[in-house]
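Q: This is protein_19.txt, which holds compact mmCIF, C-alpha atoms:
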```txt
# COMPACT_ATOMS: atom_id res chain seq x y z
CA MET L 23 14.31 9.30 -18.42
CA LYS L 24 11.62 11.33 -16.69
CA LYS L 25 8.35 9.58 -15.94
CA VAL L 26 5.40 11.16 -17.74
CA VAL L 27 2.19 12.08 -15.93
CA ILE L 28 -1.20 13.12 -17.30
CA ILE L 29 -3.53 14.72 -14.76
CA THR L 30 -7.05 16.02 -15.25
CA GLY L 31 -8.47 19.03 -13.45
CA ALA L 32 -4.99 20.52 -13.36
CA SER L 33 -5.86 24.21 -13.18
CA SER L 34 -6.81 24.40 -9.49
CA GLY L 35 -7.02 22.65 -6.13
CA ILE L 36 -5.70 19.10 -5.82
CA GLY L 37 -4.87 18.92 -9.52
CA LEU L 38 -2.75 22.06 -9.65
CA CYS L 39 -0.99 21.32 -6.37
CA THR L 40 -0.21 17.74 -7.45
CA ALA L 41 1.00 18.82 -10.88
CA LYS L 42 3.38 21.35 -9.33
CA MET L 43 4.68 18.92 -6.72
CA LEU L 44 5.31 16.13 -9.22
CA THR L 45 7.09 18.58 -11.52
CA LEU L 46 9.41 19.54 -8.64
CA LYS L 47 10.02 15.83 -7.99
CA GLY L 48 11.28 15.38 -11.54
CA TYR L 49 8.22 14.09 -13.36
CA LYS L 50 7.21 15.43 -16.78
CA VAL L 51 3.65 16.61 -16.21
CA TYR L 52 0.89 17.25 -18.73
CA GLY L 53 -2.27 18.75 -17.29
CA ILE L 54 -5.75 18.75 -18.73
CA ALA L 55 -8.14 21.54 -17.77
CA ARG L 56 -11.61 22.47 -18.98
CA ASP L 57 -10.75 26.18 -19.12
CA ASP L 58 -7.82 27.71 -20.95
CA PHE L 59 -4.91 27.46 -18.52
CA HIS L 60 -1.20 28.14 -18.86
CA THR L 61 1.75 27.93 -16.50
CA GLU L 62 5.51 27.81 -16.96
CA GLU L 63 5.75 24.91 -14.50
CA PHE L 64 4.13 22.21 -16.64
CA SER L 65 2.36 21.75 -19.98
CA CYS L 66 -1.41 21.91 -20.11
CA TYR L 67 -4.09 21.01 -22.65
CA GLN L 68 -7.56 22.51 -22.75
CA SER L 69 -10.33 19.91 -22.84
CA ASP L 70 -13.47 18.85 -21.02
CA VAL L 71 -12.92 15.32 -19.66
CA ASN L 72 -16.19 14.34 -21.32
CA ASP L 73 -14.81 15.11 -24.78
CA SER L 74 -13.60 11.59 -25.54
CA LYS L 75 -12.25 12.44 -28.99
CA ARG L 76 -10.11 15.28 -27.65
CA ILE L 77 -8.89 13.19 -24.71
CA ARG L 78 -7.76 10.44 -27.10
CA GLU L 79 -5.92 13.04 -29.19
CA ILE L 80 -4.12 14.35 -26.09
CA PHE L 81 -2.99 10.87 -25.06
CA GLU L 82 -1.72 10.18 -28.58
CA GLU L 83 0.13 13.51 -28.68
CA VAL L 84 1.77 13.09 -25.27
CA SER L 85 2.77 9.52 -26.11
CA GLY L 86 4.22 10.71 -29.43
CA LEU L 87 6.15 13.56 -27.83
CA GLU L 88 7.53 11.61 -24.88
CA GLY L 89 7.51 8.03 -26.13
CA ARG L 90 5.78 6.94 -22.93
CA ILE L 91 3.03 7.59 -20.38
CA ASP L 92 3.70 6.38 -16.84
CA VAL L 93 0.95 7.82 -14.66
CA VAL L 94 -2.64 8.92 -15.26
CA ILE L 95 -4.39 10.85 -12.47
CA ASN L 96 -8.15 11.31 -12.76
CA ASN L 97 -8.82 14.32 -10.57
CA ALA L 98 -11.40 16.44 -12.41
CA GLY L 99 -14.80 16.62 -10.75
CA PHE L 100 -17.31 18.84 -9.01
CA GLY L 101 -19.98 18.74 -6.33
CA ILE L 102 -23.68 19.44 -6.12
CA ALA L 103 -25.66 19.88 -2.91
CA GLY L 104 -29.33 19.99 -2.10
CA ALA L 105 -32.34 17.74 -1.59
CA MET L 106 -32.50 14.98 -4.20
CA GLU L 107 -36.16 15.56 -4.98
CA HIS L 108 -35.33 19.12 -6.02
CA THR L 109 -32.15 18.25 -7.97
CA THR L 110 -32.69 18.68 -11.70
CA GLU L 111 -32.00 15.84 -14.13
CA ASP L 112 -29.38 17.86 -15.99
CA LYS L 113 -27.35 18.30 -12.79
CA ILE L 114 -27.65 14.60 -12.00
CA ASP L 115 -26.50 13.65 -15.50
CA ALA L 116 -23.64 16.14 -15.40
CA ILE L 117 -22.13 15.03 -12.10
CA PHE L 118 -22.25 11.32 -12.95
CA LYS L 119 -20.81 12.00 -16.40
CA THR L 120 -17.88 14.07 -15.10
CA ASN L 121 -17.15 12.44 -11.75
CA LEU L 122 -17.60 8.81 -12.74
CA THR L 123 -18.14 8.09 -16.44
CA ALA L 124 -15.14 10.19 -17.49
CA VAL L 125 -12.96 8.40 -14.93
CA VAL L 126 -14.07 5.05 -16.31
CA LYS L 127 -13.40 6.04 -19.92
CA ILE L 128 -10.05 7.74 -19.32
CA SER L 129 -8.79 4.86 -17.18
CA ALA L 130 -9.79 2.39 -19.88
CA LEU L 131 -8.00 4.48 -22.49
CA ALA L 132 -4.90 4.69 -20.31
CA VAL L 133 -4.40 0.93 -20.04
CA LYS L 134 -2.90 0.42 -23.50
CA TYR L 135 -0.31 3.13 -22.84
CA LEU L 136 0.49 2.03 -19.31
CA ARG L 137 1.08 -1.59 -20.35
CA LYS L 138 4.34 -0.46 -21.94
CA THR L 139 5.58 1.26 -18.78
CA LYS L 140 3.87 -0.86 -16.11
CA GLY L 141 2.40 2.41 -14.97
CA ARG L 142 -0.09 3.73 -12.47
CA ILE L 143 -3.64 5.05 -12.42
CA ILE L 144 -4.64 7.30 -9.52
CA ASN L 145 -8.35 8.10 -9.23
CA ILE L 146 -9.55 10.75 -6.79
CA SER L 147 -12.48 9.44 -4.78
CA SER L 148 -13.59 10.79 -1.37
CA VAL L 149 -14.29 9.68 2.19
CA ALA L 150 -17.89 10.48 1.22
CA GLY L 151 -17.69 7.42 -1.03
CA ILE L 152 -17.51 5.29 2.11
CA MET L 153 -19.46 7.49 4.54
CA PRO L 154 -22.16 9.07 2.34
CA ILE L 155 -23.46 12.52 3.22
CA ALA L 156 -27.09 13.63 3.18
CA PHE L 157 -27.82 16.44 0.71
CA GLN L 158 -24.70 15.37 -1.22
CA SER L 159 -26.25 12.12 -2.40
CA CYS L 160 -25.10 12.28 -6.01
CA TYR L 161 -21.57 13.34 -5.09
CA SER L 162 -21.33 10.51 -2.55
CA ALA L 163 -22.61 8.02 -5.12
CA THR L 164 -20.11 9.06 -7.79
CA LYS L 165 -17.19 8.82 -5.36
CA ALA L 166 -18.33 5.38 -4.18
CA GLY L 167 -18.39 4.42 -7.85
CA VAL L 168 -14.85 5.69 -8.39
CA LEU L 169 -13.62 3.66 -5.41
CA ASN L 170 -15.22 0.41 -6.50
CA TYR L 171 -14.31 0.89 -10.15
CA SER L 172 -10.68 1.46 -9.19
CA ARG L 173 -10.57 -1.71 -7.11
CA ALA L 174 -12.17 -3.76 -9.87
CA LEU L 175 -9.90 -2.32 -12.56
CA ASP L 176 -6.81 -3.05 -10.47
CA GLY L 177 -7.89 -6.69 -10.48
CA GLU L 178 -7.97 -6.65 -14.27
CA VAL L 179 -4.70 -4.89 -15.03
CA ARG L 180 -2.26 -6.17 -12.40
CA ARG L 181 -1.31 -8.88 -14.88
CA PHE L 182 0.24 -6.12 -17.03
CA GLY L 183 2.16 -4.61 -14.12
CA ILE L 184 -0.30 -1.69 -13.91
CA ARG L 185 -1.58 -0.65 -10.49
CA VAL L 186 -4.72 1.37 -9.71
CA THR L 187 -5.31 3.32 -6.50
CA ALA L 188 -8.34 5.30 -5.38
CA VAL L 189 -7.28 8.21 -3.17
CA LEU L 190 -9.90 9.32 -0.63
CA PRO L 191 -9.47 12.83 0.80
CA GLY L 192 -11.72 14.25 3.49
CA ASP L 193 -12.65 17.91 3.84
CA LEU L 194 -10.13 20.23 2.18
CA LYS L 195 -9.78 23.97 1.89
CA THR L 196 -9.88 24.47 -1.88
CA GLY L 197 -11.91 26.24 -4.53
CA PHE L 198 -14.13 23.14 -4.66
CA THR L 199 -16.37 24.69 -1.99
CA ALA L 200 -17.14 27.83 -4.01
CA ALA L 201 -17.58 25.82 -7.22
CA ARG L 202 -20.17 23.45 -5.75
CA LEU L 203 -23.60 23.74 -7.40
CA ILE L 204 -26.19 24.38 -4.70
CA ASP L 205 -29.95 24.03 -4.77
CA ASN L 206 -31.34 25.83 -1.72
CA GLU L 207 -34.94 24.68 -2.18
CA GLU L 208 -36.20 23.96 1.35
CA GLU L 209 -39.79 22.87 0.69
CA GLY L 210 -40.44 20.00 3.09
CA TYR L 211 -37.03 20.26 4.77
CA GLU L 212 -37.54 23.25 7.06
CA GLY L 213 -34.04 24.68 6.86
CA HIS L 214 -32.13 21.40 7.06
CA VAL L 215 -30.67 21.82 3.56
CA ALA L 216 -29.08 25.16 4.41
CA LYS L 217 -27.89 23.84 7.78
CA SER L 218 -26.23 20.83 6.15
CA ILE L 219 -24.53 22.91 3.46
CA LYS L 220 -23.29 25.38 6.07
CA ARG L 221 -21.75 22.49 8.03
CA MET L 222 -20.08 21.11 4.89
CA GLU L 223 -18.63 24.47 3.95
CA ARG L 224 -17.38 25.15 7.47
CA ASP L 225 -15.63 21.77 7.65
CA GLU L 226 -14.02 22.34 4.26
CA GLN L 227 -12.83 25.86 4.94
CA THR L 228 -11.26 24.81 8.25
CA GLY L 229 -9.68 21.75 6.66
CA LYS L 230 -6.17 21.26 5.38
CA GLY L 231 -5.00 22.42 1.98
CA PRO L 232 -4.67 20.31 -1.18
CA GLU L 233 -0.95 19.78 -0.57
CA VAL L 234 -1.78 16.89 1.80
CA VAL L 235 -3.31 15.01 -1.13
CA ALA L 236 -0.45 15.95 -3.45
CA LYS L 237 2.04 14.58 -0.90
CA ALA L 238 0.04 11.37 -0.56
CA ILE L 239 -0.03 10.86 -4.32
CA THR L 240 3.71 11.51 -4.56
CA LYS L 241 4.37 8.87 -1.89
CA LEU L 242 2.02 6.37 -3.52
CA LEU L 243 3.87 6.65 -6.82
CA LYS L 244 7.06 5.56 -5.07
CA LYS L 245 5.52 2.42 -3.56
CA LYS L 246 6.23 -0.86 -5.33
CA ASN L 247 3.02 -2.38 -4.01
CA PRO L 248 0.49 0.46 -3.57
CA PRO L 249 -2.92 -0.17 -2.00
CA THR L 250 -6.09 -0.01 -4.08
CA LYS L 251 -7.61 2.37 -1.51
CA TYR L 252 -5.76 5.15 0.30
CA VAL L 253 -7.45 7.49 2.77
CA VAL L 254 -5.67 10.82 3.25
CA GLY L 255 -5.15 12.17 6.77
CA GLY L 256 -4.97 10.54 10.20
CA THR L 257 -8.39 11.76 11.31
CA TYR L 258 -10.12 10.35 8.25
CA LYS L 259 -8.20 7.07 8.45
CA PHE L 260 -9.56 6.72 12.00
CA LEU L 261 -13.12 7.55 10.92
CA VAL L 262 -12.98 5.02 8.09
CA PHE L 263 -11.60 2.45 10.55
CA LEU L 264 -14.50 3.14 12.93
CA ASN L 265 -16.89 2.82 10.01
CA ARG L 266 -15.67 -0.75 9.55
CA LEU L 267 -16.15 -1.60 13.20
CA LEU L 268 -19.47 0.04 14.00
CA PRO L 269 -22.88 -1.18 12.83
CA THR L 270 -24.04 0.55 9.65
CA ARG L 271 -27.21 1.69 11.41
CA LEU L 272 -25.14 3.52 14.03
CA VAL L 273 -22.84 5.12 11.45
CA ASP L 274 -25.84 6.31 9.44
CA ALA L 275 -27.41 7.75 12.58
CA ILE L 276 -24.23 9.71 13.34
CA LEU L 277 -24.05 11.03 9.78
CA ARG L 278 -27.70 12.06 9.91
CA LYS L 279 -27.04 13.90 13.15
CA MET L 280 -24.15 15.76 11.53
CA TYR L 281 -25.55 16.52 8.08
CA ALA L 282 -29.30 15.81 7.90
```
As structure tokens, how would this structure be written, given the file I've shared?

A:
Amino acid sequence: MKKVVIITGASSGIGLCTAKMLTLKGYKVYGIARDDFHTEEFSCYQSDVNDSKRIREIFEEVSGLEGRIDVVINNAGFGIAGAMEHTTEDKIDAIFKTNLTAVVKISALAVKYLRKTKGRIINISSVAGIMPIAFQSCYSATKAGVLNYSRALDGEVRRFGIRVTAVLPGDLKTGFTAARLIDNEEEGYEGHVAKSIKRMERDEQTGKGPEVVAKAITKLLKKKNPPTKYVVGGTYKFLVFLNRLLPTRLVDAILRKMYA
């Protein structure tokens, strides 16, 4: 019997690439996307991840159709960039709601289904959740929240045979760059906002594609004892390792030099 996967943010980037790869590997994939999206490769539902009622309906329908849910991948999210003092409250509320609160709610919902299959939850965090980036303060905070929530939840649900892993990509070449909400207000920052954003975008557009994350997720799903935290890519594994060794003051100074 095919294992059944639900993945959010399935219409582009990491979500689309992962959905396609898992389909090729023999999984039955159901995607969730905010915009109307159709493909012959896997089934997809239209819903905002913040629409809790609709998300519950989708889980019930998939469970009814397939008789099981084995994997839930929380991938949907977006970025905002700019100086915090110029970031509007509606943008702050939106990014925390989508990047963190929705992950918390969907993971909690998934537990009752995954108990039956001793399934997996994969939550997409970011290296920025460990090494926070100036002028991406809210994004960094939400991804740190996803990482710590995933670790805590794993401690709760291991008793049911469920495992939770936070996957931490670094810079990737995806549509995420173009979709980022940017506030270019420079008052008091003398061009540093634009300089930081330009550096971010350059690093992303020269980075690897989303297939590296899709491959990592595919490998994680095969592991009997997956880690609660998985950093994608040798370079980023090394940077995270250095982050553990070096004094926080030094790491912060390096990050300021790069992005602030």

Q: Skipping near chain neighbours, those fewer than 3 positions away, what residues fall within 6 Å of Lys195 in chain L using only C-alpha atoms, listed as a list in words?

A: Glu226, Gln227, Gly229, Lys230 and Gly231 of chain L

Q: Kindly indicate which residue among L:Ala32, L:Ala55, L:Leu242, L:Ile91 lies nearest to Arg76 in chain L, using all atoms listed in the file for the distances.

A: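 Closest residue, counting all atoms listed in the file: L:Ala55.
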
Q: Within 9 Å of range 274-279 of chain L, counting all atoms listed in the file, which residues qualify if same-chain residues fewer than 2 places away don't, as a PyMOL selection string?

A: chain L and resi 153-156+269-272+281-282

Q: Per residue of range 197-261 of chain L within 12 Å of range 24-29 of chain L, which atom pair is closest and at what distance in Å (one decimal), using all atoms listed in the file, listed by chain and increasing number, as a tab-separated table?

A:
```
residue	atom	partner	partner_atom	distance
L:Ala236	CA	L:Ile29	CA	11.8
L:Ile239	CA	L:Ile29	CA	11.7
L:Thr240	CA	L:Val27	CA	11.5
L:Leu243	CA	L:Lys25	CA	10.6
L:Lys244	CA	L:Lys25	CA	11.7
```

Q: Would you mind telling me which residue in L:Ile146, L:Leu87, L:Cys66, L:Leu136 lies nearest to Gly99 in chain L when using all atoms listed in the file?

A: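 Under the stated criterion, the closest residue is L:Ile146.
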
Q: Could you check how far CA of Leu131 in chain L sits from CA of Phe81 in chain L, in Å to one decimal?

A: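 Computing the Euclidean distance for CA of Leu131 in chain L and CA of Phe81 in chain L yields 8.5 Å.
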
Q: Figure out the distance between CA of Cys39 in chain L and CA of Asn97 in chain L, please, to one decimal in Å.

A: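 About the pair CA of Asn97 in chain L and CA of Cys39 in chain L: they are 11.3 Å apart.
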
Q: Neighbours of Val168 in chain L within 9 Å (all atoms listed in the file; same-chain residues fewer than 5 positions away dropped), as a compact mmCIF listing (two decimals) with C-alpha atoms, in the coordinates of the input?

A:
```txt
# COMPACT_ATOMS: atom_id res chain seq x y z
CA ASN L 121 -17.15 12.44 -11.75
CA LEU L 122 -17.60 8.81 -12.74
CA VAL L 125 -12.96 8.40 -14.93
CA VAL L 126 -14.07 5.05 -16.31
CA ASN L 145 -8.35 8.10 -9.23
CA ILE L 146 -9.55 10.75 -6.79
CA SER L 147 -12.48 9.44 -4.78
CA SER L 148 -13.59 10.79 -1.37
CA GLY L 151 -17.69 7.42 -1.03
CA ALA L 163 -22.61 8.02 -5.12
CA ARG L 173 -10.57 -1.71 -7.11
CA ALA L 188 -8.34 5.30 -5.38
```

Q: Given the choices L:Lys113, L:Arg90, L:Arg181, L:Lys165, which gets closest to Thr139 in chain L if the distance is worked out from all atoms listed in the file?

A: L:Arg90

Q: So the first atom is CA of Gly197 in chain L and the second is CA of Val262 in chain L; what is the distance between them in Å, to one decimal place?

A: 24.7 Å

Q: L:Gly167, L:Pro249, L:Pro232, L:Gly213: which is nearest Arg142 in chain L, counting all atoms listed in the file?

A: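 That would be L:Pro249, the residue with the smallest distance to Arg142 in chain L.
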
Q: Between L:Asn265, L:Thr123, L:Thr109, L:Thr61, which residue has the minimum interatomic distance to Thr164 in chain L, considering only C-alpha atoms?

A: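 Residue with the minimum atom-to-atom distance to Thr164 in chain L: L:Thr123.
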
Q: Nearest to Asp58 in chain L: which of L:Ser34, L:Thr40, L:Thr120, L:Thr110 is it, counting only C-alpha atoms?

A: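 Smallest distance to Asp58 in chain L is found for L:Ser34.
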
Q: Could you list, as a VMD selection string, every residue within 8 Å of Lys140 in chain L, counting only C-alpha atoms and ignoring same-chain residues fewer than 4 positions away?

A: chain L and resid 92 136 182 to 185

Q: Can you pull out every residue within 8 Å of Ile102 in chain L, counting all atoms listed in the file, but drop anything in the same chain fewer than 5 positions away, and send it as a tab-separated table (two decimals) with C-alpha atoms, in the coordinates of the input?

A:
```
chain	number	residue	atom	x	y	z
L	113	LYS	CA	-27.35	18.30	-12.79
L	117	ILE	CA	-22.13	15.03	-12.10
L	158	GLN	CA	-24.70	15.37	-1.22
L	160	CYS	CA	-25.10	12.28	-6.01
L	161	TYR	CA	-21.57	13.34	-5.09
L	202	ARG	CA	-20.17	23.45	-5.75
L	203	LEU	CA	-23.60	23.74	-7.40
L	204	ILE	CA	-26.19	24.38	-4.70
L	205	ASP	CA	-29.95	24.03	-4.77
```

Q: Return range 175-192 of chain L, completed with N, CA, C and O atoms, as a JSON list (two decimals), in the coordinates of the input.

A:
```
[["chain", "number", "residue", "atom", "x", "y", "z"],
["L", 175, "LEU", "N", -10.85, -2.48, -11.46],
["L", 175, "LEU", "CA", -9.90, -2.32, -12.56],
["L", 175, "LEU", "C", -8.51, -2.82, -12.17],
["L", 175, "LEU", "O", -7.82, -3.44, -12.97],
["L", 176, "ASP", "N", -8.11, -2.56, -10.93],
["L", 176, "ASP", "CA", -6.81, -3.05, -10.47],
["L", 176, "ASP", "C", -6.74, -4.57, -10.61],
["L", 176, "ASP", "O", -5.70, -5.12, -10.99],
["L", 177, "GLY", "N", -7.86, -5.24, -10.32],
["L", 177, "GLY", "CA", -7.89, -6.69, -10.48],
["L", 177, "GLY", "C", -7.71, -7.15, -11.91],
["L", 177, "GLY", "O", -7.18, -8.24, -12.17],
["L", 178, "GLU", "N", -8.11, -6.31, -12.86],
["L", 178, "GLU", "CA", -7.97, -6.65, -14.27],
["L", 178, "GLU", "C", -6.56, -6.42, -14.80],
["L", 178, "GLU", "O", -6.05, -7.19, -15.62],
["L", 179, "VAL", "N", -5.92, -5.33, -14.35],
["L", 179, "VAL", "CA", -4.70, -4.89, -15.03],
["L", 179, "VAL", "C", -3.40, -5.19, -14.28],
["L", 179, "VAL", "O", -2.31, -4.91, -14.78],
["L", 180, "ARG", "N", -3.49, -5.79, -13.11],
["L", 180, "ARG", "CA", -2.26, -6.17, -12.40],
["L", 180, "ARG", "C", -1.41, -7.11, -13.25],
["L", 180, "ARG", "O", -0.18, -7.10, -13.16],
["L", 181, "ARG", "N", -2.05, -7.93, -14.05],
["L", 181, "ARG", "CA", -1.31, -8.88, -14.88],
["L", 181, "ARG", "C", -0.37, -8.17, -15.86],
["L", 181, "ARG", "O", 0.57, -8.78, -16.36],
["L", 182, "PHE", "N", -0.63, -6.90, -16.13],
["L", 182, "PHE", "CA", 0.24, -6.12, -17.03],
["L", 182, "PHE", "C", 1.27, -5.31, -16.25],
["L", 182, "PHE", "O", 2.03, -4.55, -16.85],
["L", 183, "GLY", "N", 1.25, -5.42, -14.93],
["L", 183, "GLY", "CA", 2.16, -4.61, -14.12],
["L", 183, "GLY", "C", 1.61, -3.23, -13.81],
["L", 183, "GLY", "O", 2.30, -2.40, -13.22],
["L", 184, "ILE", "N", 0.35, -2.99, -14.19],
["L", 184, "ILE", "CA", -0.30, -1.69, -13.91],
["L", 184, "ILE", "C", -0.97, -1.78, -12.54],
["L", 184, "ILE", "O", -1.55, -2.80, -12.19],
["L", 185, "ARG", "N", -0.90, -0.70, -11.77],
["L", 185, "ARG", "CA", -1.58, -0.65, -10.49],
["L", 185, "ARG", "C", -2.54, 0.54, -10.46],
["L", 185, "ARG", "O", -2.24, 1.60, -11.01],
["L", 186, "VAL", "N", -3.68, 0.34, -9.80],
["L", 186, "VAL", "CA", -4.72, 1.37, -9.71],
["L", 186, "VAL", "C", -5.00, 1.65, -8.24],
["L", 186, "VAL", "O", -5.21, 0.71, -7.45],
["L", 187, "THR", "N", -5.02, 2.92, -7.87],
["L", 187, "THR", "CA", -5.31, 3.32, -6.50],
["L", 187, "THR", "C", -6.37, 4.41, -6.49],
["L", 187, "THR", "O", -6.27, 5.39, -7.23],
["L", 188, "ALA", "N", -7.37, 4.24, -5.65],
["L", 188, "ALA", "CA", -8.34, 5.30, -5.38],
["L", 188, "ALA", "C", -7.88, 6.06, -4.15],
["L", 188, "ALA", "O", -7.65, 5.46, -3.09],
["L", 189, "VAL", "N", -7.71, 7.36, -4.28],
["L", 189, "VAL", "CA", -7.28, 8.21, -3.17],
["L", 189, "VAL", "C", -8.52, 8.90, -2.60],
["L", 189, "VAL", "O", -9.29, 9.52, -3.33],
["L", 190, "LEU", "N", -8.69, 8.81, -1.28],
["L", 190, "LEU", "CA", -9.90, 9.32, -0.63],
["L", 190, "LEU", "C", -9.54, 10.46, 0.33],
["L", 190, "LEU", "O", -9.17, 10.22, 1.48],
["L", 191, "PRO", "N", -9.64, 11.70, -0.12],
["L", 191, "PRO", "CA", -9.47, 12.83, 0.80],
["L", 191, "PRO", "C", -10.73, 13.04, 1.63],
["L", 191, "PRO", "O", -11.82, 12.60, 1.26],
["L", 192, "GLY", "N", -10.56, 13.77, 2.73],
["L", 192, "GLY", "CA", -11.72, 14.25, 3.49],
["L", 192, "GLY", "C", -11.98, 15.70, 3.12],
["L", 192, "GLY", "O", -11.79, 16.10, 1.97]]
```
